[in-house]
Amino acid sequence: MKGRKAEVKRIFLIVLDSVGIGALPDAARFGDEGSNTLRAAADSPRFSMPVMERLGLFHTDGVRDWSGKTGNGYEGAVGRLAEASMGKDTTTGHWEIAGLISREPMPTFPEGFPDELMDEFRKRTGRGILLNRPYSGTDAIRDYGEAHMKTGNLIVYTSADSVFQVAAHEDVIPIGELYRICEIARELCVGKYGVGRVIARPFEGKPGSFRRTERRHDFSLLPPEDTMLDVLKRSGKEVLAVGKINDIFAGKGITEFVRTSCNAEGIDRTLDFMKRDFEGLCFANLVDYDMLYGHRNDVDGYAEALTYFDSRLPELLALLREEDILMVTADHGCDPSTPSTDHSREYIPFVAAGRPVKAGSSIGTRNTFADIGMTVLDYFGLASGIDGQSFLSKILSAEK
């Protein structure tokens, strides 16, 4: 109609942190053979995802094998993607989703951090070190929290991921000081010590009842190359980040961000952005699955968190405009039913919904998460040199 304002395009990309959907062919190399995070949660009596089922999640390659779904009688577009990067951590997964494949693994420290690094860290912070080896985060504060409170020494630990984690009681080391300490660690952790993330892990309470607070903060490496975020920003599009997305990309390519303390707040902030007028991408991370349940081997808690997301999904779908696409995916696995408390090397799901999306469509199995980033750019008509290949033509409805 003459004079009618054209609808702007928006994509809402939500990462359900660690919701993998089955072991990758090379999972045994990572100690993750047989992992299947979604299936583990689905076996819980507390699991219910009727909206995601309606959109097609259980028709995805691999998932269909155990869910018993047949045909294409679903409302969205679905698929699964393999990780091409050499890793299974948050940073690697998100960077790959955004079109940056990490062909060399980030360094890990299964024996703890070397003396050379820790001596300089002690010198720069003026504090001693406790632990310094791979350890469960909750066990670390349980086992070393009291000694930390008596001495003021820092609880430093790592995991199977490329992380340098620093835990401190908020009454002993105020949160601003802990962040300053982690900034020092970030400055030191470069080159051969260039871990993907330095993580501040504040906690509170008394011995025997310590608990982590919600003021965790990640200090990530700067992505070494451009991602879809940079391409979008340069083209004048908005790149709105929810949760730890800004931290994962060290702010690179982000136009506006909001941090969150839990999944509920992450969904609320995403809904706030949906109510605003903008053109571009809203990129959100919902971290509770990984942080609260996967790493703690809590199957029922994981299932309840997925059920909660599904219960809020209708609110997100209701706010989609004519040209909006909602994409739901993950960044790795963290099977809560296996003995391991670490991330698992798994396929990630892809579910898309919105008026432009062809109902009952499938992208099958893709070779890299990066195809998501290229598809996002393709929707905005942007040529790019990032990794990945677009599957946009497979998921758009005929009239689009």
# chains A, B, ... in the order shown; residues from 1 in each chain; ligands from 1
>>> residues_around(residues="A:Asn285", least_positions_apart="6", cutoff="7 Å", atoms="only C-alpha atoms", output="short mmCIF file (atom, residue, chain, number, x, y, z; two decimals) with all heavy atoms, in the first residue's frame")
data_model
loop_
_atom_site.label_atom_id
_atom_site.label_comp_id
_atom_site.auth_asym_id
_atom_site.auth_seq_id
_atom_site.Cartn_x
_atom_site.Cartn_y
_atom_site.Cartn_z
N ILE A 14 18.34 -17.02 20.65
CA ILE A 14 18.42 -17.39 22.06
C ILE A 14 19.24 -18.67 22.19
O ILE A 14 18.92 -19.69 21.57
CB ILE A 14 17.03 -17.59 22.67
CG1 ILE A 14 16.23 -16.27 22.60
CG2 ILE A 14 17.13 -18.07 24.11
CD1 ILE A 14 14.81 -16.38 23.14
N VAL A 15 20.29 -18.60 23.00
CA VAL A 15 21.12 -19.77 23.28
C VAL A 15 20.72 -20.36 24.61
O VAL A 15 20.84 -19.71 25.65
CB VAL A 15 22.62 -19.39 23.30
CG1 VAL A 15 23.48 -20.59 23.68
CG2 VAL A 15 23.05 -18.83 21.94
N LEU A 16 20.23 -21.60 24.58
CA LEU A 16 19.96 -22.35 25.80
C LEU A 16 21.28 -23.00 26.19
O LEU A 16 21.66 -24.04 25.66
CB LEU A 16 18.88 -23.41 25.55
CG LEU A 16 17.57 -22.93 24.92
CD1 LEU A 16 16.57 -24.08 24.81
CD2 LEU A 16 16.96 -21.76 25.70
N ASP A 17 21.99 -22.37 27.10
CA ASP A 17 23.38 -22.72 27.39
C ASP A 17 23.51 -24.18 27.81
O ASP A 17 22.96 -24.59 28.83
CB ASP A 17 23.91 -21.81 28.49
CG ASP A 17 25.42 -21.74 28.52
OD1 ASP A 17 26.04 -22.80 28.68
OD2 ASP A 17 25.97 -20.64 28.39
N VAL A 242 21.97 -9.93 25.53
CA VAL A 242 21.30 -10.24 26.79
C VAL A 242 22.07 -11.32 27.53
O VAL A 242 22.47 -12.33 26.93
CB VAL A 242 19.85 -10.72 26.54
CG1 VAL A 242 19.16 -11.10 27.86
CG2 VAL A 242 19.04 -9.65 25.82
N GLY A 243 22.28 -11.13 28.83
CA GLY A 243 23.00 -12.13 29.61
C GLY A 243 24.49 -11.96 29.43
O GLY A 243 25.02 -10.85 29.38
N LYS A 244 25.22 -13.08 29.29
CA LYS A 244 26.68 -13.00 29.22
C LYS A 244 27.23 -12.86 27.79
O LYS A 244 28.43 -12.99 27.58
CB LYS A 244 27.32 -14.20 29.92
CG LYS A 244 27.00 -15.57 29.33
CD LYS A 244 27.70 -16.66 30.14
CE LYS A 244 27.50 -18.04 29.53
NZ LYS A 244 28.20 -19.08 30.30
N ILE A 245 26.36 -12.57 26.83
CA ILE A 245 26.81 -12.41 25.44
C ILE A 245 27.87 -11.32 25.33
O ILE A 245 28.90 -11.49 24.67
CB ILE A 245 25.62 -12.10 24.51
CG1 ILE A 245 24.63 -13.28 24.47
CG2 ILE A 245 26.12 -11.75 23.11
CD1 ILE A 245 25.20 -14.54 23.87
#
>>> residues_around(residues="A:Phe203", least_positions_apart="3", cutoff="7 Å", atoms="only C-alpha atoms", output="list of chain:residue names")
A:Ala168, A:His169, A:Glu170, A:Phe210, A:Arg211, A:Arg212, A:Thr213
>>> write_last_selection(atoms="all heavy atoms", output="JSON list (two decimals), in the first residue's frame")
[["chain", "number", "residue", "atom", "x", "y", "z"],
["A", 168, "ALA", "N", 36.03, -15.76, 45.64],
["A", 168, "ALA", "CA", 36.33, -14.96, 46.81],
["A", 168, "ALA", "C", 35.03, -14.61, 47.53],
["A", 168, "ALA", "O", 34.00, -14.36, 46.89],
["A", 168, "ALA", "CB", 37.08, -13.69, 46.43],
["A", 169, "HIS", "N", 35.09, -14.60, 48.86],
["A", 169, "HIS", "CA", 33.93, -14.24, 49.68],
["A", 169, "HIS", "C", 33.75, -12.73, 49.62],
["A", 169, "HIS", "O", 34.70, -11.96, 49.76],
["A", 169, "HIS", "CB", 34.16, -14.70, 51.12],
["A", 169, "HIS", "CG", 32.92, -14.72, 51.95],
["A", 169, "HIS", "ND1", 32.28, -13.56, 52.37],
["A", 169, "HIS", "CD2", 32.19, -15.76, 52.45],
["A", 169, "HIS", "CE1", 31.21, -13.90, 53.09],
["A", 169, "HIS", "NE2", 31.14, -15.23, 53.15],
["A", 170, "GLU", "N", 32.53, -12.28, 49.43],
["A", 170, "GLU", "CA", 32.27, -10.85, 49.26],
["A", 170, "GLU", "C", 32.58, -10.04, 50.51],
["A", 170, "GLU", "O", 32.82, -8.83, 50.43],
["A", 170, "GLU", "CB", 30.84, -10.63, 48.79],
["A", 170, "GLU", "CG", 30.59, -11.15, 47.38],
["A", 170, "GLU", "CD", 29.29, -10.66, 46.78],
["A", 170, "GLU", "OE1", 28.62, -9.80, 47.41],
["A", 170, "GLU", "OE2", 28.94, -11.13, 45.69],
["A", 210, "PHE", "N", 28.19, -22.03, 52.46],
["A", 210, "PHE", "CA", 28.57, -21.05, 51.43],
["A", 210, "PHE", "C", 27.67, -21.21, 50.21],
["A", 210, "PHE", "O", 27.23, -22.31, 49.88],
["A", 210, "PHE", "CB", 30.02, -21.27, 50.99],
["A", 210, "PHE", "CG", 31.05, -20.93, 52.04],
["A", 210, "PHE", "CD1", 32.06, -21.84, 52.36],
["A", 210, "PHE", "CD2", 31.03, -19.71, 52.69],
["A", 210, "PHE", "CE1", 33.02, -21.53, 53.31],
["A", 210, "PHE", "CE2", 31.99, -19.39, 53.65],
["A", 210, "PHE", "CZ", 32.98, -20.31, 53.96],
["A", 211, "ARG", "N", 27.44, -20.11, 49.53],
["A", 211, "ARG", "CA", 26.72, -20.15, 48.26],
["A", 211, "ARG", "C", 27.25, -19.06, 47.34],
["A", 211, "ARG", "O", 27.63, -17.97, 47.78],
["A", 211, "ARG", "CB", 25.21, -20.02, 48.43],
["A", 211, "ARG", "CG", 24.73, -18.63, 48.74],
["A", 211, "ARG", "CD", 23.20, -18.52, 48.57],
["A", 211, "ARG", "NE", 22.81, -17.11, 48.50],
["A", 211, "ARG", "CZ", 22.68, -16.43, 47.37],
["A", 211, "ARG", "NH1", 22.93, -17.03, 46.22],
["A", 211, "ARG", "NH2", 22.32, -15.15, 47.38],
["A", 212, "ARG", "N", 27.27, -19.37, 46.05],
["A", 212, "ARG", "CA", 27.68, -18.38, 45.06],
["A", 212, "ARG", "C", 26.64, -17.26, 44.98],
["A", 212, "ARG", "O", 25.44, -17.52, 45.09],
["A", 212, "ARG", "CB", 27.81, -19.02, 43.69],
["A", 212, "ARG", "CG", 28.99, -19.98, 43.53],
["A", 212, "ARG", "CD", 28.88, -20.68, 42.19],
["A", 212, "ARG", "NE", 30.08, -21.45, 41.88],
["A", 212, "ARG", "CZ", 30.20, -22.19, 40.80],
["A", 212, "ARG", "NH1", 29.21, -22.27, 39.93],
["A", 212, "ARG", "NH2", 31.31, -22.87, 40.56],
["A", 213, "THR", "N", 27.10, -16.05, 44.75],
["A", 213, "THR", "CA", 26.16, -14.95, 44.53],
["A", 213, "THR", "C", 25.94, -14.76, 43.04],
["A", 213, "THR", "O", 26.54, -15.45, 42.21],
["A", 213, "THR", "CB", 26.71, -13.63, 45.13],
["A", 213, "THR", "OG1", 27.81, -13.16, 44.33],
["A", 213, "THR", "CG2", 27.18, -13.84, 46.56]]
>>> residues_around(residues="A:Thr329", least_positions_apart="2", cutoff="8 Å", atoms="only C-alpha atoms", output="PyMOL selection string")
chain A and resi 13-16+19+327+331+348-351
>>> closest_residue(among="A:Glu214, A:Glu111, A:Glu315, A:Glu7", to="A:Ser261", atoms="only C-alpha atoms")
A:Glu214
>>> residues_around(residues="stretch 287-300 of chain A", least_positions_apart="2", cutoff="7 Å", atoms="only C-alpha atoms", output="list in words")
Leu16, Asp17, Ser18, Ala40, Ala41, Ser44, Arg46, Cys262, Asn263, Asn285, Tyr302, Ala303, Glu304, Ala305, Cys334, Asp335, Pro336, Ser337, Thr341 and Asp342 of chain A
>>> write_last_selection(atoms="all heavy atoms", output="short mmCIF file (atom, residue, chain, number, x, y, z; two decimals), in the first residue's frame")
data_model
loop_
_atom_site.label_atom_id
_atom_site.label_comp_id
_atom_site.auth_asym_id
_atom_site.auth_seq_id
_atom_site.Cartn_x
_atom_site.Cartn_y
_atom_site.Cartn_z
N LEU A 16 20.23 -21.60 24.58
CA LEU A 16 19.96 -22.35 25.80
C LEU A 16 21.28 -23.00 26.19
O LEU A 16 21.66 -24.04 25.66
CB LEU A 16 18.88 -23.41 25.55
CG LEU A 16 17.57 -22.93 24.92
CD1 LEU A 16 16.57 -24.08 24.81
CD2 LEU A 16 16.96 -21.76 25.70
N ASP A 17 21.99 -22.37 27.10
CA ASP A 17 23.38 -22.72 27.39
C ASP A 17 23.51 -24.18 27.81
O ASP A 17 22.96 -24.59 28.83
CB ASP A 17 23.91 -21.81 28.49
CG ASP A 17 25.42 -21.74 28.52
OD1 ASP A 17 26.04 -22.80 28.68
OD2 ASP A 17 25.97 -20.64 28.39
N SER A 18 24.20 -24.96 27.00
CA SER A 18 24.57 -26.37 27.23
C SER A 18 23.51 -27.38 26.85
O SER A 18 23.68 -28.57 27.11
CB SER A 18 25.00 -26.61 28.69
OG SER A 18 23.91 -26.86 29.56
N ALA A 40 18.71 -36.83 28.48
CA ALA A 40 18.82 -37.01 29.93
C ALA A 40 17.74 -36.22 30.65
O ALA A 40 17.08 -36.73 31.56
CB ALA A 40 20.20 -36.59 30.40
N ALA A 41 17.53 -34.96 30.23
CA ALA A 41 16.51 -34.14 30.86
C ALA A 41 15.11 -34.66 30.55
O ALA A 41 14.22 -34.65 31.41
CB ALA A 41 16.65 -32.70 30.39
N SER A 44 13.38 -37.17 32.79
CA SER A 44 12.89 -36.75 34.10
C SER A 44 11.37 -36.56 34.08
O SER A 44 10.82 -36.05 33.10
CB SER A 44 13.54 -35.44 34.51
OG SER A 44 12.89 -34.87 35.64
N ARG A 46 9.88 -34.34 35.46
CA ARG A 46 9.64 -32.90 35.56
C ARG A 46 9.83 -32.19 34.22
O ARG A 46 9.78 -30.97 34.15
CB ARG A 46 10.56 -32.29 36.62
CG ARG A 46 10.35 -32.90 38.00
CD ARG A 46 11.27 -32.28 39.04
NE ARG A 46 11.18 -33.00 40.30
CZ ARG A 46 11.90 -32.72 41.38
NH1 ARG A 46 12.77 -31.72 41.34
NH2 ARG A 46 11.77 -33.42 42.49
N CYS A 262 19.68 -14.65 35.99
CA CYS A 262 19.03 -15.96 35.89
C CYS A 262 18.25 -16.04 34.58
O CYS A 262 18.10 -15.04 33.87
CB CYS A 262 18.08 -16.18 37.08
SG CYS A 262 16.74 -14.96 37.17
N ASN A 263 17.74 -17.24 34.28
CA ASN A 263 16.97 -17.42 33.04
C ASN A 263 15.74 -16.54 33.00
O ASN A 263 15.40 -15.98 31.95
CB ASN A 263 16.56 -18.89 32.89
CG ASN A 263 17.69 -19.77 32.42
OD1 ASN A 263 18.81 -19.31 32.21
ND2 ASN A 263 17.40 -21.05 32.26
N ASN A 285 21.66 -15.17 25.96
CA ASN A 285 22.13 -16.42 26.55
C ASN A 285 21.37 -16.67 27.84
O ASN A 285 21.28 -15.78 28.70
CB ASN A 285 23.63 -16.34 26.84
CG ASN A 285 24.14 -17.57 27.60
OD1 ASN A 285 23.98 -17.68 28.81
ND2 ASN A 285 24.76 -18.49 26.88
N TYR A 302 17.57 -29.58 35.76
CA TYR A 302 17.75 -29.27 34.34
C TYR A 302 16.41 -29.37 33.61
O TYR A 302 16.03 -28.50 32.82
CB TYR A 302 18.77 -30.25 33.73
CG TYR A 302 19.53 -29.72 32.55
CD1 TYR A 302 20.90 -29.53 32.62
CD2 TYR A 302 18.89 -29.39 31.36
CE1 TYR A 302 21.62 -29.03 31.53
CE2 TYR A 302 19.60 -28.91 30.27
CZ TYR A 302 20.96 -28.73 30.36
OH TYR A 302 21.65 -28.23 29.28
N ALA A 303 15.68 -30.45 33.90
CA ALA A 303 14.37 -30.65 33.27
C ALA A 303 13.41 -29.53 33.63
O ALA A 303 12.66 -29.03 32.77
CB ALA A 303 13.81 -32.00 33.69
N GLU A 304 13.40 -29.13 34.88
CA GLU A 304 12.51 -28.05 35.31
C GLU A 304 12.84 -26.73 34.62
O GLU A 304 11.95 -25.96 34.26
CB GLU A 304 12.59 -27.88 36.82
CG GLU A 304 11.91 -29.00 37.60
CD GLU A 304 12.00 -28.79 39.10
OE1 GLU A 304 12.86 -27.99 39.55
OE2 GLU A 304 11.22 -29.42 39.83
N ALA A 305 14.14 -26.48 34.42
CA ALA A 305 14.56 -25.25 33.75
C ALA A 305 14.10 -25.24 32.29
O ALA A 305 13.68 -24.19 31.76
CB ALA A 305 16.07 -25.08 33.84
N CYS A 334 26.08 -30.44 28.27
CA CYS A 334 26.54 -30.62 29.66
C CYS A 334 25.60 -31.65 30.28
O CYS A 334 24.77 -31.33 31.13
CB CYS A 334 26.54 -29.31 30.44
SG CYS A 334 27.47 -29.39 31.99
N ASP A 335 25.74 -32.89 29.84
CA ASP A 335 24.83 -33.97 30.22
C ASP A 335 24.83 -34.16 31.73
O ASP A 335 25.85 -34.56 32.31
CB ASP A 335 25.25 -35.26 29.50
CG ASP A 335 24.24 -36.38 29.64
OD1 ASP A 335 23.54 -36.43 30.68
OD2 ASP A 335 24.16 -37.22 28.73
N PRO A 336 23.70 -33.89 32.39
CA PRO A 336 23.65 -34.00 33.86
C PRO A 336 23.56 -35.44 34.36
O PRO A 336 23.61 -35.67 35.57
CB PRO A 336 22.39 -33.21 34.22
CG PRO A 336 21.49 -33.40 33.04
CD PRO A 336 22.42 -33.42 31.84
N SER A 337 23.42 -36.39 33.45
CA SER A 337 23.24 -37.79 33.87
C SER A 337 24.54 -38.59 33.83
O SER A 337 24.55 -39.76 34.25
CB SER A 337 22.19 -38.48 32.98
OG SER A 337 22.67 -38.66 31.67
N THR A 341 31.21 -33.75 35.39
CA THR A 341 30.54 -32.48 35.66
C THR A 341 30.95 -31.41 34.64
O THR A 341 30.59 -30.25 34.80
CB THR A 341 30.86 -31.97 37.07
OG1 THR A 341 32.28 -31.80 37.19
CG2 THR A 341 30.37 -32.94 38.13
N ASP A 342 31.68 -31.81 33.61
CA ASP A 342 32.16 -30.87 32.60
C ASP A 342 31.21 -30.80 31.41
O ASP A 342 30.27 -31.60 31.28
CB ASP A 342 33.55 -31.29 32.11
CG ASP A 342 34.62 -31.13 33.18
OD1 ASP A 342 34.52 -30.17 33.96
OD2 ASP A 342 35.52 -31.98 33.25
#
>>> closest_atom_pairs(of="stretch 185-230 of chain A", to="stretch 142-154 of chain A", cutoff="12 Å", atoms="only C-alpha atoms", output="JSON lines")
{"residue": "A:Ala185", "atom": "CA", "partner": "A:Leu154", "partner_atom": "CA", "distance": 11.9}
{"residue": "A:Ala200", "atom": "CA", "partner": "A:Leu154", "partner_atom": "CA", "distance": 10.9}
{"residue": "A:Arg201", "atom": "CA", "partner": "A:Leu154", "partner_atom": "CA", "distance": 10.6}
{"residue": "A:Pro202", "atom": "CA", "partner": "A:Leu154", "partner_atom": "CA", "distance": 10.8}
{"residue": "A:Phe203", "atom": "CA", "partner": "A:Gly145", "partner_atom": "CA", "distance": 8.9}
{"residue": "A:Glu204", "atom": "CA", "partner": "A:Gly145", "partner_atom": "CA", "distance": 9.4}
{"residue": "A:Gly205", "atom": "CA", "partner": "A:Gly145", "partner_atom": "CA", "distance": 9.6}
{"residue": "A:Lys206", "atom": "CA", "partner": "A:Glu146", "partner_atom": "CA", "distance": 8.0}
{"residue": "A:Pro207", "atom": "CA", "partner": "A:Glu146", "partner_atom": "CA", "distance": 5.8}
{"residue": "A:Gly208", "atom": "CA", "partner": "A:Arg142", "partner_atom": "CA", "distance": 6.8}
{"residue": "A:Ser209", "atom": "CA", "partner": "A:Arg142", "partner_atom": "CA", "distance": 7.9}
{"residue": "A:Phe210", "atom": "CA", "partner": "A:Arg142", "partner_atom": "CA", "distance": 6.6}
{"residue": "A:Arg211", "atom": "CA", "partner": "A:Arg142", "partner_atom": "CA", "distance": 8.7}
{"residue": "A:Arg212", "atom": "CA", "partner": "A:Arg142", "partner_atom": "CA", "distance": 10.6}
>>> write_last_selection(atoms="N, CA, C and O atoms", output="PDB file, in the first residue's frame")
ATOM      1  N   ALA A 185      44.290 -10.927  36.044  1.00  0.00           N
ATOM      2  CA  ALA A 185      44.432 -12.274  35.481  1.00  0.00           C
ATOM      3  C   ALA A 185      44.222 -12.263  33.973  1.00  0.00           C
ATOM      4  O   ALA A 185      44.941 -12.939  33.228  1.00  0.00           O
ATOM      5  N   ALA A 200      35.153 -14.370  37.468  1.00  0.00           N
ATOM      6  CA  ALA A 200      35.015 -13.980  38.873  1.00  0.00           C
ATOM      7  C   ALA A 200      33.875 -14.781  39.478  1.00  0.00           C
ATOM      8  O   ALA A 200      32.757 -14.760  38.962  1.00  0.00           O
ATOM      9  N   ARG A 201      34.154 -15.466  40.599  1.00  0.00           N
ATOM     10  CA  ARG A 201      33.165 -16.331  41.239  1.00  0.00           C
ATOM     11  C   ARG A 201      32.943 -15.894  42.696  1.00  0.00           C
ATOM     12  O   ARG A 201      33.405 -16.533  43.637  1.00  0.00           O
ATOM     13  N   PRO A 202      32.220 -14.795  42.916  1.00  0.00           N
ATOM     14  CA  PRO A 202      31.978 -14.349  44.286  1.00  0.00           C
ATOM     15  C   PRO A 202      31.015 -15.290  45.026  1.00  0.00           C
ATOM     16  O   PRO A 202      30.132 -15.894  44.426  1.00  0.00           O
ATOM     17  N   PHE A 203      31.223 -15.395  46.353  1.00  0.00           N
ATOM     18  CA  PHE A 203      30.306 -16.198  47.164  1.00  0.00           C
ATOM     19  C   PHE A 203      30.083 -15.524  48.511  1.00  0.00           C
ATOM     20  O   PHE A 203      30.744 -14.531  48.853  1.00  0.00           O
ATOM     21  N   GLU A 204      29.144 -16.057  49.275  1.00  0.00           N
ATOM     22  CA  GLU A 204      28.794 -15.493  50.571  1.00  0.00           C
ATOM     23  C   GLU A 204      28.420 -16.621  51.527  1.00  0.00           C
ATOM     24  O   GLU A 204      28.427 -17.802  51.148  1.00  0.00           O
ATOM     25  N   GLY A 205      28.085 -16.258  52.758  1.00  0.00           N
ATOM     26  CA  GLY A 205      27.671 -17.253  53.739  1.00  0.00           C
ATOM     27  C   GLY A 205      28.771 -17.619  54.708  1.00  0.00           C
ATOM     28  O   GLY A 205      29.851 -17.022  54.726  1.00  0.00           O
ATOM     29  N   LYS A 206      28.478 -18.643  55.524  1.00  0.00           N
ATOM     30  CA  LYS A 206      29.406 -19.115  56.544  1.00  0.00           C
ATOM     31  C   LYS A 206      29.870 -20.524  56.216  1.00  0.00           C
ATOM     32  O   LYS A 206      29.236 -21.226  55.432  1.00  0.00           O
ATOM     33  N   PRO A 207      31.006 -20.941  56.813  1.00  0.00           N
ATOM     34  CA  PRO A 207      31.481 -22.310  56.570  1.00  0.00           C
ATOM     35  C   PRO A 207      30.378 -23.338  56.785  1.00  0.00           C
ATOM     36  O   PRO A 207      29.644 -23.279  57.776  1.00  0.00           O
ATOM     37  N   GLY A 208      30.249 -24.230  55.814  1.00  0.00           N
ATOM     38  CA  GLY A 208      29.180 -25.220  55.843  1.00  0.00           C
ATOM     39  C   GLY A 208      27.943 -24.797  55.097  1.00  0.00           C
ATOM     40  O   GLY A 208      27.072 -25.630  54.811  1.00  0.00           O
ATOM     41  N   SER A 209      27.850 -23.505  54.786  1.00  0.00           N
ATOM     42  CA  SER A 209      26.660 -23.024  54.062  1.00  0.00           C
ATOM     43  C   SER A 209      27.025 -21.913  53.081  1.00  0.00           C
ATOM     44  O   SER A 209      26.273 -20.950  52.909  1.00  0.00           O
ATOM     45  N   PHE A 210      28.191 -22.025  52.458  1.00  0.00           N
ATOM     46  CA  PHE A 210      28.575 -21.054  51.431  1.00  0.00           C
ATOM     47  C   PHE A 210      27.672 -21.210  50.208  1.00  0.00           C
ATOM     48  O   PHE A 210      27.231 -22.314  49.876  1.00  0.00           O
ATOM     49  N   ARG A 211      27.435 -20.105  49.531  1.00  0.00           N
ATOM     50  CA  ARG A 211      26.719 -20.154  48.257  1.00  0.00           C
ATOM     51  C   ARG A 211      27.246 -19.062  47.338  1.00  0.00           C
ATOM     52  O   ARG A 211      27.629 -17.975  47.783  1.00  0.00           O
ATOM     53  N   ARG A 212      27.270 -19.367  46.052  1.00  0.00           N
ATOM     54  CA  ARG A 212      27.676 -18.375  45.061  1.00  0.00           C
ATOM     55  C   ARG A 212      26.642 -17.265  44.977  1.00  0.00           C
ATOM     56  O   ARG A 212      25.440 -17.516  45.091  1.00  0.00           O
TER      57      ARG A 212
END
>>> closest_residue(among="A:Gly301, A:Pro107, A:Gly191, A:Gly68", to="A:Asp89", atoms="only C-alpha atoms")
A:Pro107
>>> residues_around(residues="A:Phe109", least_positions_apart="2", cutoff="9 Å", atoms="only C-alpha atoms", output="list in words")
Pro107, Glu111, Gly112, Phe113, Pro114, Arg133, Pro134, Thr158, Ser159, Ala160, Asp161, Ser162 and Val163 of chain A
>>> write_last_selection(atoms="N, CA and C atoms", output="short mmCIF file (atom, residue, chain, number, x, y, z; two decimals), in the first residue's frame")
data_model
loop_
_atom_site.label_atom_id
_atom_site.label_comp_id
_atom_site.auth_asym_id
_atom_site.auth_seq_id
_atom_site.Cartn_x
_atom_site.Cartn_y
_atom_site.Cartn_z
N PRO A 107 43.98 -23.09 25.30
CA PRO A 107 44.75 -23.87 26.26
C PRO A 107 43.95 -24.27 27.49
N GLU A 111 46.75 -29.88 34.99
CA GLU A 111 47.61 -30.00 36.18
C GLU A 111 47.63 -28.71 37.00
N GLY A 112 46.77 -27.78 36.68
CA GLY A 112 46.81 -26.47 37.32
C GLY A 112 47.69 -25.51 36.53
N PHE A 113 47.69 -24.25 36.93
CA PHE A 113 48.43 -23.22 36.20
C PHE A 113 49.90 -23.24 36.62
N PRO A 114 50.82 -23.01 35.68
CA PRO A 114 52.25 -23.11 35.96
C PRO A 114 52.74 -22.02 36.92
N ARG A 133 44.01 -26.04 40.77
CA ARG A 133 43.90 -27.25 39.95
C ARG A 133 42.46 -27.38 39.48
N PRO A 134 42.17 -28.30 38.56
CA PRO A 134 40.77 -28.50 38.14
C PRO A 134 39.92 -28.91 39.32
N THR A 158 40.46 -24.31 37.84
CA THR A 158 40.11 -24.40 36.43
C THR A 158 39.19 -25.60 36.24
N SER A 159 39.01 -26.02 35.00
CA SER A 159 38.16 -27.18 34.69
C SER A 159 38.67 -27.80 33.40
N ALA A 160 37.88 -28.66 32.80
CA ALA A 160 38.26 -29.20 31.49
C ALA A 160 38.19 -28.14 30.41
N ASP A 161 37.52 -27.01 30.70
CA ASP A 161 37.42 -25.91 29.76
C ASP A 161 38.62 -24.97 29.91
N SER A 162 38.73 -24.07 28.96
CA SER A 162 39.81 -23.09 28.96
C SER A 162 39.41 -21.90 29.82
N VAL A 163 39.51 -22.07 31.15
CA VAL A 163 39.06 -21.05 32.09
C VAL A 163 40.05 -20.88 33.24
#
>>> select_by_dssp(residues="stretch 75-320 of chain A", states="alpha helix (DSSP H)", output="ChimeraX atom specification")
/A:90-97,115-125,137-151,175-188,228-234,245-248,263-274,288,299-318
>>> atom_distance(atom1="atom CA of A:Ile129", atom2="atom CA of A:Asp247")
25.1 Å
>>> residues_around(residues="stretch 237-239 of chain A", least_positions_apart="4", cutoff="10 Å", atoms="only C-alpha atoms", output="count of residues only")
21
>>> closest_residue(among="A:Leu392, A:Asp139, A:Ser344, A:Ala82", to="A:Asn36", atoms="only C-alpha atoms")
A:Ser344
>>> select_by_dssp(residues="stretch 87-238 of chain A", states="strand (DSSP E)", output="PyMOL selection string")
chain A and resi 129-134+154-158+163-169+197-204+211-212+217-220+238
>>> closest_residue(among="A:Ser235, A:Thr91, A:Thr70, A:Ser85", to="A:Leu382", atoms="only C-alpha atoms")
A:Ser235
>>> closest_residue(among="A:Tyr179, A:Tyr308, A:Tyr157, A:Tyr193", to="A:Thr138", atoms="only C-alpha atoms")
A:Tyr157
>>> closest_residue(among="A:Thr125, A:Leu222, A:Leu396, A:Lys358", to="A:Tyr379", atoms="only C-alpha atoms")
A:Leu396
>>> atom_distance(atom1="atom CA of A:His332", atom2="atom CA of A:Glu83")
8.2 Å
>>> residues_around(residues="A:Glu323", least_positions_apart="2", cutoff="10 Å", atoms="only C-alpha atoms", output="number ranges by chain")
A: 6-11, 320-321, 325, 354-357, 400
>>> write_last_selection(atoms="C-alpha atoms", output="CSV table (one decimal), in the first residue's frame")
chain,number,residue,atom,x,y,z
A,6,ALA,CA,8.1,-1.1,5.4
A,7,GLU,CA,8.6,-3.6,8.2
A,8,VAL,CA,12.1,-3.8,9.5
A,9,LYS,CA,13.8,-7.1,10.0
A,10,ARG,CA,14.7,-8.5,13.5
A,11,ILE,CA,16.2,-11.8,14.6
A,320,LEU,CA,7.1,-11.5,17.0
A,321,ARG,CA,6.3,-8.9,14.2
A,325,ILE,CA,12.4,-14.6,13.3
A,354,GLY,CA,8.0,-16.6,12.9
A,355,ARG,CA,5.9,-15.6,10.0
A,356,PRO,CA,8.8,-15.7,7.5
A,357,VAL,CA,9.6,-19.3,8.5
A,400,LYS,CA,9.3,-14.6,1.5
